[in-house]
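coords.cif (mmCIF, C-alpha atoms) appears below.
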data_run
#
loop_
_atom_site.label_atom_id
_atom_site.label_comp_id
_atom_site.auth_asym_id
_atom_site.auth_seq_id
_atom_site.Cartn_x
_atom_site.Cartn_y
_atom_site.Cartn_z
CA GLY A 8 -2.03 -18.68 -10.41
CA ALA A 9 -3.11 -15.05 -10.41
CA VAL A 10 -6.38 -14.18 -8.71
CA VAL A 11 -9.23 -12.13 -10.11
CA SER A 12 -12.29 -11.21 -8.09
CA GLN A 13 -15.70 -9.98 -9.15
CA HIS A 14 -18.37 -8.18 -7.20
CA PRO A 15 -21.17 -8.86 -6.81
CA SER A 16 -21.34 -12.60 -7.42
CA TRP A 17 -25.00 -12.30 -8.24
CA VAL A 18 -27.49 -9.50 -8.62
CA ILE A 19 -31.20 -9.21 -9.28
CA CYS A 20 -32.56 -5.94 -10.58
CA LYS A 21 -35.67 -4.47 -12.08
CA SER A 22 -36.01 -3.76 -15.77
CA GLY A 23 -34.81 -0.29 -16.65
CA THR A 24 -32.28 0.05 -13.86
CA SER A 25 -28.49 0.04 -14.19
CA VAL A 26 -26.11 -2.44 -12.64
CA LYS A 27 -22.38 -2.09 -12.06
CA ILE A 28 -20.06 -5.09 -11.86
CA GLU A 29 -16.52 -4.75 -10.55
CA CYS A 30 -13.53 -6.82 -11.63
CA ARG A 31 -10.30 -6.69 -9.67
CA SER A 32 -6.94 -8.32 -10.19
CA LEU A 33 -5.81 -9.04 -6.65
CA ASP A 34 -2.16 -10.00 -6.98
CA PHE A 35 -1.11 -8.72 -10.36
CA GLN A 36 -1.49 -5.68 -12.54
CA ALA A 37 -3.66 -6.08 -15.58
CA THR A 38 -3.07 -3.52 -18.29
CA THR A 39 -5.71 -5.33 -20.31
CA MET A 40 -8.98 -6.74 -19.03
CA PHE A 41 -11.69 -8.55 -20.93
CA TRP A 42 -15.42 -8.88 -20.38
CA TYR A 43 -17.32 -11.99 -21.48
CA ARG A 44 -20.95 -13.02 -21.37
CA GLN A 45 -22.25 -16.56 -21.16
CA PHE A 46 -25.84 -17.64 -21.70
CA PRO A 47 -27.09 -20.99 -20.36
CA LYS A 48 -25.61 -24.02 -22.12
CA GLN A 49 -23.46 -21.80 -24.34
CA SER A 50 -19.80 -20.95 -24.45
CA LEU A 51 -18.24 -17.67 -23.39
CA MET A 52 -18.60 -14.78 -25.81
CA LEU A 53 -16.20 -11.87 -25.66
CA MET A 54 -17.97 -8.55 -25.25
CA ALA A 55 -15.12 -6.08 -25.02
CA THR A 56 -11.46 -5.52 -24.37
CA SER A 57 -10.37 -2.70 -22.10
CA ASN A 58 -6.94 -1.22 -21.68
CA GLU A 59 -6.08 0.82 -18.63
CA GLY A 60 -6.62 4.50 -19.23
CA SER A 61 -8.17 4.19 -22.67
CA LYS A 62 -11.54 3.45 -24.21
CA ALA A 63 -12.72 -0.11 -24.47
CA THR A 64 -12.91 -1.97 -27.76
CA TYR A 65 -16.25 -3.67 -28.26
CA GLU A 66 -16.96 -6.79 -30.27
CA GLN A 67 -19.34 -6.61 -33.17
CA GLY A 68 -22.93 -6.53 -32.04
CA VAL A 69 -22.20 -5.32 -28.51
CA GLU A 70 -23.70 -1.91 -27.78
CA LYS A 71 -21.08 0.31 -26.23
CA ASP A 72 -23.67 2.74 -24.87
CA LYS A 73 -25.47 -0.06 -23.09
CA PHE A 74 -22.43 -1.82 -21.67
CA LEU A 75 -20.20 0.87 -20.24
CA ILE A 76 -16.69 -0.22 -19.38
CA ASN A 77 -14.23 1.72 -17.28
CA HIS A 78 -10.66 0.59 -16.66
CA ALA A 79 -9.36 3.35 -14.47
CA SER A 80 -6.52 1.51 -12.80
CA LEU A 81 -4.26 -1.47 -13.36
CA THR A 82 -6.27 -3.56 -10.94
CA LEU A 83 -9.87 -2.49 -11.49
CA SER A 84 -12.30 -2.58 -14.38
CA THR A 85 -16.04 -2.03 -14.15
CA LEU A 86 -18.90 -3.02 -16.42
CA THR A 87 -22.14 -1.10 -16.12
CA VAL A 88 -25.22 -2.54 -17.75
CA THR A 89 -27.43 0.47 -18.38
CA SER A 90 -31.21 0.29 -18.62
CA ALA A 91 -31.11 -3.46 -18.12
CA HIS A 92 -33.78 -5.65 -19.67
CA PRO A 93 -34.63 -9.31 -19.14
CA GLU A 94 -32.66 -10.30 -22.23
CA ASP A 95 -29.53 -8.95 -20.52
CA SER A 96 -29.85 -11.65 -17.89
CA SER A 97 -26.68 -13.67 -18.19
CA PHE A 98 -23.44 -14.76 -16.54
CA TYR A 99 -20.85 -11.98 -16.89
CA ILE A 100 -17.20 -12.94 -16.51
CA CYS A 101 -14.11 -10.77 -16.57
CA SER A 102 -10.47 -11.66 -17.03
CA GLY A 103 -7.18 -9.88 -16.54
CA LEU A 104 -4.10 -10.32 -18.66
CA ALA A 105 -1.00 -10.96 -16.58
CA GLY A 106 1.82 -9.23 -18.38
CA ASP A 107 4.63 -11.44 -17.14
CA THR A 108 3.09 -14.66 -18.45
CA ASP A 109 0.78 -13.14 -21.07
CA THR A 110 -1.96 -15.37 -19.70
CA GLN A 111 -5.58 -14.44 -18.99
CA TYR A 112 -6.92 -15.21 -15.55
CA PHE A 113 -10.66 -15.20 -15.01
CA GLY A 114 -12.91 -13.97 -12.27
CA PRO A 115 -15.60 -16.18 -10.72
CA GLY A 116 -18.38 -14.48 -12.68
CA THR A 117 -21.45 -12.42 -11.86
CA ARG A 118 -24.91 -13.77 -12.47
CA LEU A 119 -27.30 -11.01 -13.47
CA THR A 120 -31.04 -11.54 -13.41
CA VAL A 121 -33.25 -8.75 -14.71
CA LEU A 122 -36.88 -8.98 -13.74
CA ASP B 25 -6.81 -17.38 -34.45
CA ALA B 26 -6.79 -20.98 -35.59
CA LYS B 27 -9.95 -22.98 -35.00
CA THR B 28 -9.87 -26.00 -32.73
CA THR B 29 -11.91 -29.19 -32.75
CA GLN B 30 -12.65 -31.12 -29.58
CA PRO B 31 -14.94 -34.04 -28.75
CA THR B 32 -18.23 -32.85 -27.36
CA SER B 33 -18.05 -35.03 -24.29
CA MET B 34 -16.16 -37.84 -22.65
CA ASP B 35 -16.32 -39.90 -19.49
CA CYS B 36 -13.40 -41.07 -17.46
CA ALA B 37 -12.92 -43.13 -14.33
CA GLU B 38 -11.86 -41.58 -11.06
CA GLY B 39 -8.20 -42.22 -10.36
CA ARG B 40 -7.36 -42.94 -13.97
CA ALA B 41 -5.62 -40.64 -16.40
CA ALA B 42 -7.87 -38.51 -18.59
CA ASN B 43 -6.61 -37.78 -22.09
CA LEU B 44 -8.36 -34.89 -23.80
CA PRO B 45 -7.62 -34.47 -27.51
CA CYS B 46 -7.68 -31.24 -29.48
CA ASN B 47 -7.22 -30.76 -33.20
CA HIS B 48 -5.81 -27.48 -34.49
CA SER B 49 -4.66 -28.36 -37.98
CA THR B 50 -4.53 -24.73 -39.18
CA ILE B 51 -2.32 -23.48 -36.37
CA SER B 52 0.41 -21.08 -37.41
CA GLY B 53 3.97 -21.00 -36.16
CA ASN B 54 3.42 -18.17 -33.69
CA GLU B 55 0.27 -19.49 -32.10
CA TYR B 56 0.22 -21.05 -28.67
CA VAL B 57 -2.12 -23.76 -27.42
CA TYR B 58 -3.98 -22.84 -24.22
CA TRP B 59 -6.18 -25.04 -22.07
CA TYR B 60 -8.80 -23.76 -19.66
CA ARG B 61 -11.58 -25.50 -17.82
CA GLN B 62 -14.89 -24.28 -16.48
CA ILE B 63 -16.58 -25.94 -13.60
CA HIS B 64 -20.30 -25.37 -13.50
CA SER B 65 -21.32 -21.78 -12.68
CA GLN B 66 -17.74 -20.60 -12.23
CA GLY B 67 -15.29 -18.60 -14.30
CA PRO B 68 -12.78 -20.48 -16.47
CA GLN B 69 -9.64 -21.72 -14.78
CA TYR B 70 -6.28 -21.59 -16.54
CA ILE B 71 -4.63 -25.01 -16.79
CA ILE B 72 -1.60 -24.91 -19.04
CA HIS B 73 -0.25 -23.63 -22.32
CA GLY B 74 2.53 -24.42 -24.76
CA LEU B 75 4.06 -23.63 -28.13
CA LYS B 76 5.72 -26.79 -29.39
CA ASN B 77 7.42 -28.51 -26.48
CA ASN B 78 5.51 -30.70 -24.08
CA GLU B 79 4.64 -28.93 -20.85
CA THR B 80 3.81 -30.13 -17.37
CA ASN B 81 2.63 -28.37 -14.24
CA GLU B 82 0.91 -29.33 -11.02
CA MET B 83 -2.44 -29.67 -12.74
CA ALA B 84 -1.77 -31.39 -16.04
CA SER B 85 0.52 -32.24 -18.90
CA LEU B 86 0.25 -30.92 -22.43
CA ILE B 87 1.50 -33.04 -25.28
CA ILE B 88 1.81 -31.29 -28.65
CA THR B 89 2.50 -33.32 -31.77
CA GLU B 90 5.61 -32.56 -33.76
CA ASP B 91 3.64 -30.99 -36.61
CA ARG B 92 1.66 -28.99 -33.99
CA LYS B 93 -1.63 -29.90 -35.64
CA SER B 94 -3.00 -31.54 -32.54
CA SER B 95 -2.45 -31.76 -28.82
CA THR B 96 -3.57 -33.75 -25.81
CA LEU B 97 -4.22 -32.55 -22.31
CA ILE B 98 -3.53 -35.20 -19.72
CA LEU B 99 -4.99 -35.13 -16.24
CA PRO B 100 -2.82 -37.79 -14.59
CA HIS B 101 -5.23 -38.91 -11.85
CA ALA B 102 -8.73 -37.65 -12.47
CA THR B 103 -10.87 -36.84 -9.45
CA LEU B 104 -14.56 -36.05 -9.22
CA ARG B 105 -13.64 -32.37 -8.89
CA ASP B 106 -12.13 -32.48 -12.39
CA THR B 107 -15.63 -32.75 -13.85
CA ALA B 108 -15.87 -29.65 -16.03
CA VAL B 109 -15.91 -28.31 -19.57
CA TYR B 110 -12.39 -28.20 -20.97
CA TYR B 111 -11.51 -25.65 -23.62
CA CYS B 112 -8.59 -25.88 -26.02
CA ILE B 113 -7.79 -22.46 -27.49
CA VAL B 114 -5.14 -21.38 -29.94
CA ARG B 115 -3.95 -17.80 -29.95
CA PHE B 116 -1.04 -15.52 -30.66
CA LYS B 117 0.84 -14.85 -27.46
CA ALA B 118 0.90 -11.13 -27.91
CA ALA B 119 -0.29 -8.59 -25.42
CA GLY B 120 -3.98 -7.92 -25.64
CA ASN B 121 -4.93 -10.81 -27.90
CA LYS B 122 -8.29 -12.24 -27.02
CA LEU B 123 -9.34 -15.81 -26.40
CA THR B 124 -12.03 -17.33 -28.59
CA PHE B 125 -13.93 -20.06 -26.78
CA GLY B 126 -15.39 -22.94 -28.74
CA GLY B 127 -17.72 -25.60 -27.44
CA GLY B 128 -15.11 -27.44 -25.42
CA THR B 129 -15.25 -31.01 -24.13
CA ARG B 130 -17.61 -31.83 -21.32
CA VAL B 131 -15.70 -34.24 -19.10
CA LEU B 132 -17.53 -36.32 -16.54
CA VAL B 133 -15.40 -38.14 -14.02
CA LYS B 134 -17.23 -41.13 -12.63
CA PRO B 135 -16.54 -42.98 -9.39
#
structure tokens encoding of this file:
Amino acid sequence: GAVVSQHPSWVICKSGTSVKIECRSLDFQATTMFWYRQFPKQSLMLMATSNEGSKATYEQGVEKDKFLINHASLTLSTLTVTSAHPEDSSFYICSGLAGDTDTQYFGPGTRLTVL
Amino acid sequence: DAKTTQPTSMDCAEGRAANLPCNHSTISGNEYVYWYRQIHSQGPQYIIHGLKNNETNEMASLIITEDRKSSTLILPHATLRDTAVYYCIVRFKAAGNKLTFGGGTRVLVKP
């Protein structure tokens, strides 16, 4: 299957700082990428959908000014958590949509801890 | 997207086949059935998907009933590494359509 990487795999930051998470599709081009968040013992919740070269579409209740998404190329999307607070601590997972199979492939996730 | 219903959890014996049911009684004609699994602290892994015909790949088989209202994922020879949460998701196979994750089935493979 197609491979998606994320960097970093985990990050600890202080409250009020910003954190950037990278998502890369390694062996396919992803015109659409998705960002999910998963809290402990819960299922994945979609945060936003990003299409290459255009603005992301955010799910209801997700603050677009807090979670900045950039999808500048067909293989890279970034999520920046601005002014992070402890309640933003979570497991952030991205996925890329492979156009030939129309299937989403997921990255390994990034665990964010905000102190 | 149509809602799915899965058992909360199930155990299976190592080396035996694991049959994971999924109910999607409100599925529409253009919706596909996708299966993913998530091993603890990792991102979901794609397993298989289908529309109405049974499908098989190197990981699993997908059996969809004729009326498409339910399906079964079959892991032919479960191993301890198959312990994970398995998600059955129904969605339109159109570019950009999102996946909606439910609670899934927590599968524990026992020696």
Pull out every residue of chain A sitting within 12 Å of chain B, counting only C-alpha atoms, and send them as a tab-separated table (two decimals) with C-alpha atoms, in the frame of the given file.
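result.tsv written:
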chain	number	residue	atom	x	y	z
A	8	GLY	CA	-2.03	-18.68	-10.41
A	9	ALA	CA	-3.11	-15.05	-10.41
A	10	VAL	CA	-6.38	-14.18	-8.71
A	11	VAL	CA	-9.23	-12.13	-10.11
A	12	SER	CA	-12.29	-11.21	-8.09
A	13	GLN	CA	-15.70	-9.98	-9.15
A	16	SER	CA	-21.34	-12.60	-7.42
A	17	TRP	CA	-25.00	-12.30	-8.24
A	37	ALA	CA	-3.66	-6.08	-15.58
A	38	THR	CA	-3.07	-3.52	-18.29
A	39	THR	CA	-5.71	-5.33	-20.31
A	40	MET	CA	-8.98	-6.74	-19.03
A	41	PHE	CA	-11.69	-8.55	-20.93
A	42	TRP	CA	-15.42	-8.88	-20.38
A	43	TYR	CA	-17.32	-11.99	-21.48
A	44	ARG	CA	-20.95	-13.02	-21.37
A	45	GLN	CA	-22.25	-16.56	-21.16
A	46	PHE	CA	-25.84	-17.64	-21.70
A	47	PRO	CA	-27.09	-20.99	-20.36
A	48	LYS	CA	-25.61	-24.02	-22.12
A	49	GLN	CA	-23.46	-21.80	-24.34
A	50	SER	CA	-19.80	-20.95	-24.45
A	51	LEU	CA	-18.24	-17.67	-23.39
A	52	MET	CA	-18.60	-14.78	-25.81
A	53	LEU	CA	-16.20	-11.87	-25.66
A	54	MET	CA	-17.97	-8.55	-25.25
A	55	ALA	CA	-15.12	-6.08	-25.02
A	56	THR	CA	-11.46	-5.52	-24.37
A	57	SER	CA	-10.37	-2.70	-22.10
A	58	ASN	CA	-6.94	-1.22	-21.68
A	59	GLU	CA	-6.08	0.82	-18.63
A	63	ALA	CA	-12.72	-0.11	-24.47
A	64	THR	CA	-12.91	-1.97	-27.76
A	65	TYR	CA	-16.25	-3.67	-28.26
A	66	GLU	CA	-16.96	-6.79	-30.27
A	97	SER	CA	-26.68	-13.67	-18.19
A	98	PHE	CA	-23.44	-14.76	-16.54
A	99	TYR	CA	-20.85	-11.98	-16.89
A	100	ILE	CA	-17.20	-12.94	-16.51
A	101	CYS	CA	-14.11	-10.77	-16.57
A	102	SER	CA	-10.47	-11.66	-17.03
A	103	GLY	CA	-7.18	-9.88	-16.54
A	104	LEU	CA	-4.10	-10.32	-18.66
A	105	ALA	CA	-1.00	-10.96	-16.58
A	106	GLY	CA	1.82	-9.23	-18.38
A	107	ASP	CA	4.63	-11.44	-17.14
A	108	THR	CA	3.09	-14.66	-18.45
A	109	ASP	CA	0.78	-13.14	-21.07
A	110	THR	CA	-1.96	-15.37	-19.70
A	111	GLN	CA	-5.58	-14.44	-18.99
A	112	TYR	CA	-6.92	-15.21	-15.55
A	113	PHE	CA	-10.66	-15.20	-15.01
A	114	GLY	CA	-12.91	-13.97	-12.27
A	115	PRO	CA	-15.60	-16.18	-10.72
A	116	GLY	CA	-18.38	-14.48	-12.68
A	117	THR	CA	-21.45	-12.42	-11.86
A	118	ARG	CA	-24.91	-13.77	-12.47
Can you work out the spacing between CA of Phe74 in chain A and CA of Thr87 in chain A in Å, to one decimal?
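Those two atoms sit 5.6 Å apart.
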Between CA of Thr103 in chain B and CA of Val131 in chain B, distance in Å (one decimal)
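Separation between CA of Thr103 in chain B and CA of Val131 in chain B: 11.1 Å.
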Show me, as a PyMOL selection string, the residues that have an atom within 12 Å of Glu94 in chain A when counting all atoms listed in the file, minus same-chain residues fewer than 6 positions from it.
chain A and resi 22-23+46+88+119-122
Prev. selection, C-alpha atoms, output as a compact mmCIF listing (two decimals), keeping the file's coordinate frame:
# COMPACT_ATOMS: atom_id res chain seq x y z
CA SER A 22 -36.01 -3.76 -15.77
CA GLY A 23 -34.81 -0.29 -16.65
CA PHE A 46 -25.84 -17.64 -21.70
CA VAL A 88 -25.22 -2.54 -17.75
CA LEU A 119 -27.30 -11.01 -13.47
CA THR A 120 -31.04 -11.54 -13.41
CA VAL A 121 -33.25 -8.75 -14.71
CA LEU A 122 -36.88 -8.98 -13.74
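Distance-wise, CA of Leu86 in chain B and CA of Glu55 in chain B end up 15.0 Å apart.
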For range 36-39 of chain B: contacts at 8 Å, all atoms listed in the file, fewer than 6 positions along chain excluded, given as number ranges by chain:
B: 101-104, 131-135
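When you apply the PyMOL selection byres ((chain A and resi 29) around 8) to this structure, what comes back is Gln13, His14, Pro15, Lys27, Ile28, Cys30, Arg31, Leu83, Ser84, Thr85 and Leu86 of chain A.
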When you look at Arg92 in chain B with a cut-off of 10 Å (counting only C-alpha atoms), what residues show up, excluding the ones that are within fewer than 2 positions of it in the same chain? I need them as a PyMOL selection string.
chain B and resi 47-53+55-57+75-77+87-90+94-95
Starting from the sparse input, extend range 65-85 of chain B to N, CA and C atoms and give the output as a PDB file, in the frame of the given file.
ATOM      1  N   SER B  65     -20.987 -23.048 -13.334  1.00  0.00           N
ATOM      2  CA  SER B  65     -21.320 -21.780 -12.680  1.00  0.00           C
ATOM      3  C   SER B  65     -20.106 -21.055 -12.100  1.00  0.00           C
ATOM      4  N   GLN B  66     -18.938 -21.326 -12.652  1.00  0.00           N
ATOM      5  CA  GLN B  66     -17.740 -20.600 -12.230  1.00  0.00           C
ATOM      6  C   GLN B  66     -17.037 -20.020 -13.456  1.00  0.00           C
ATOM      7  N   GLY B  67     -16.085 -19.130 -13.206  1.00  0.00           N
ATOM      8  CA  GLY B  67     -15.290 -18.600 -14.300  1.00  0.00           C
ATOM      9  C   GLY B  67     -14.264 -19.630 -14.750  1.00  0.00           C
ATOM     10  N   PRO B  68     -13.789 -19.529 -15.984  1.00  0.00           N
ATOM     11  CA  PRO B  68     -12.780 -20.480 -16.470  1.00  0.00           C
ATOM     12  C   PRO B  68     -11.505 -20.432 -15.626  1.00  0.00           C
ATOM     13  N   GLN B  69     -10.882 -21.585 -15.525  1.00  0.00           N
ATOM     14  CA  GLN B  69      -9.640 -21.720 -14.780  1.00  0.00           C
ATOM     15  C   GLN B  69      -8.516 -22.057 -15.749  1.00  0.00           C
ATOM     16  N   TYR B  70      -7.426 -21.314 -15.683  1.00  0.00           N
ATOM     17  CA  TYR B  70      -6.280 -21.590 -16.540  1.00  0.00           C
ATOM     18  C   TYR B  70      -5.642 -22.913 -16.118  1.00  0.00           C
ATOM     19  N   ILE B  71      -5.283 -23.738 -17.108  1.00  0.00           N
ATOM     20  CA  ILE B  71      -4.630 -25.010 -16.790  1.00  0.00           C
ATOM     21  C   ILE B  71      -3.172 -24.989 -17.228  1.00  0.00           C
ATOM     22  N   ILE B  72      -2.954 -24.771 -18.513  1.00  0.00           N
ATOM     23  CA  ILE B  72      -1.600 -24.910 -19.040  1.00  0.00           C
ATOM     24  C   ILE B  72      -1.559 -24.342 -20.453  1.00  0.00           C
ATOM     25  N   HIS B  73      -0.384 -24.008 -20.932  1.00  0.00           N
ATOM     26  CA  HIS B  73      -0.250 -23.630 -22.320  1.00  0.00           C
ATOM     27  C   HIS B  73       1.130 -24.015 -22.836  1.00  0.00           C
ATOM     28  N   GLY B  74       1.250 -24.068 -24.172  1.00  0.00           N
ATOM     29  CA  GLY B  74       2.530 -24.420 -24.760  1.00  0.00           C
ATOM     30  C   GLY B  74       2.608 -23.994 -26.213  1.00  0.00           C
ATOM     31  N   LEU B  75       3.825 -24.000 -26.738  1.00  0.00           N
ATOM     32  CA  LEU B  75       4.060 -23.630 -28.130  1.00  0.00           C
ATOM     33  C   LEU B  75       4.356 -24.866 -28.977  1.00  0.00           C
ATOM     34  N   LYS B  76       5.414 -25.564 -28.643  1.00  0.00           N
ATOM     35  CA  LYS B  76       5.720 -26.790 -29.390  1.00  0.00           C
ATOM     36  C   LYS B  76       6.314 -27.884 -28.516  1.00  0.00           C
ATOM     37  N   ASN B  77       6.899 -27.505 -27.401  1.00  0.00           N
ATOM     38  CA  ASN B  77       7.420 -28.510 -26.480  1.00  0.00           C
ATOM     39  C   ASN B  77       6.312 -28.981 -25.545  1.00  0.00           C
ATOM     40  N   ASN B  78       6.456 -30.198 -25.069  1.00  0.00           N
ATOM     41  CA  ASN B  78       5.510 -30.700 -24.080  1.00  0.00           C
ATOM     42  C   ASN B  78       5.697 -29.922 -22.786  1.00  0.00           C
ATOM     43  N   GLU B  79       4.606 -29.694 -22.089  1.00  0.00           N
ATOM     44  CA  GLU B  79       4.640 -28.930 -20.850  1.00  0.00           C
ATOM     45  C   GLU B  79       3.952 -29.711 -19.743  1.00  0.00           C
ATOM     46  N   THR B  80       4.419 -29.495 -18.532  1.00  0.00           N
ATOM     47  CA  THR B  80       3.810 -30.130 -17.370  1.00  0.00           C
ATOM     48  C   THR B  80       3.792 -29.148 -16.217  1.00  0.00           C
ATOM     49  N   ASN B  81       2.689 -29.131 -15.501  1.00  0.00           N
ATOM     50  CA  ASN B  81       2.630 -28.370 -14.240  1.00  0.00           C
ATOM     51  C   ASN B  81       1.884 -29.203 -13.211  1.00  0.00           C
ATOM     52  N   GLU B  82       1.513 -28.573 -12.117  1.00  0.00           N
ATOM     53  CA  GLU B  82       0.910 -29.330 -11.020  1.00  0.00           C
ATOM     54  C   GLU B  82      -0.500 -29.815 -11.361  1.00  0.00           C
ATOM     55  N   MET B  83      -1.088 -29.258 -12.385  1.00  0.00           N
ATOM     56  CA  MET B  83      -2.440 -29.670 -12.740  1.00  0.00           C
ATOM     57  C   MET B  83      -2.477 -30.723 -13.833  1.00  0.00           C
ATOM     58  N   ALA B  84      -1.619 -30.558 -14.849  1.00  0.00           N
ATOM     59  CA  ALA B  84      -1.770 -31.390 -16.040  1.00  0.00           C
ATOM     60  C   ALA B  84      -0.493 -31.397 -16.865  1.00  0.00           C
ATOM     61  N   SER B  85      -0.538 -32.231 -17.902  1.00  0.00           N
ATOM     62  CA  SER B  85       0.520 -32.240 -18.900  1.00  0.00           C
ATOM     63  C   SER B  85      -0.080 -31.934 -20.264  1.00  0.00           C
TER      64      SER B  85
END
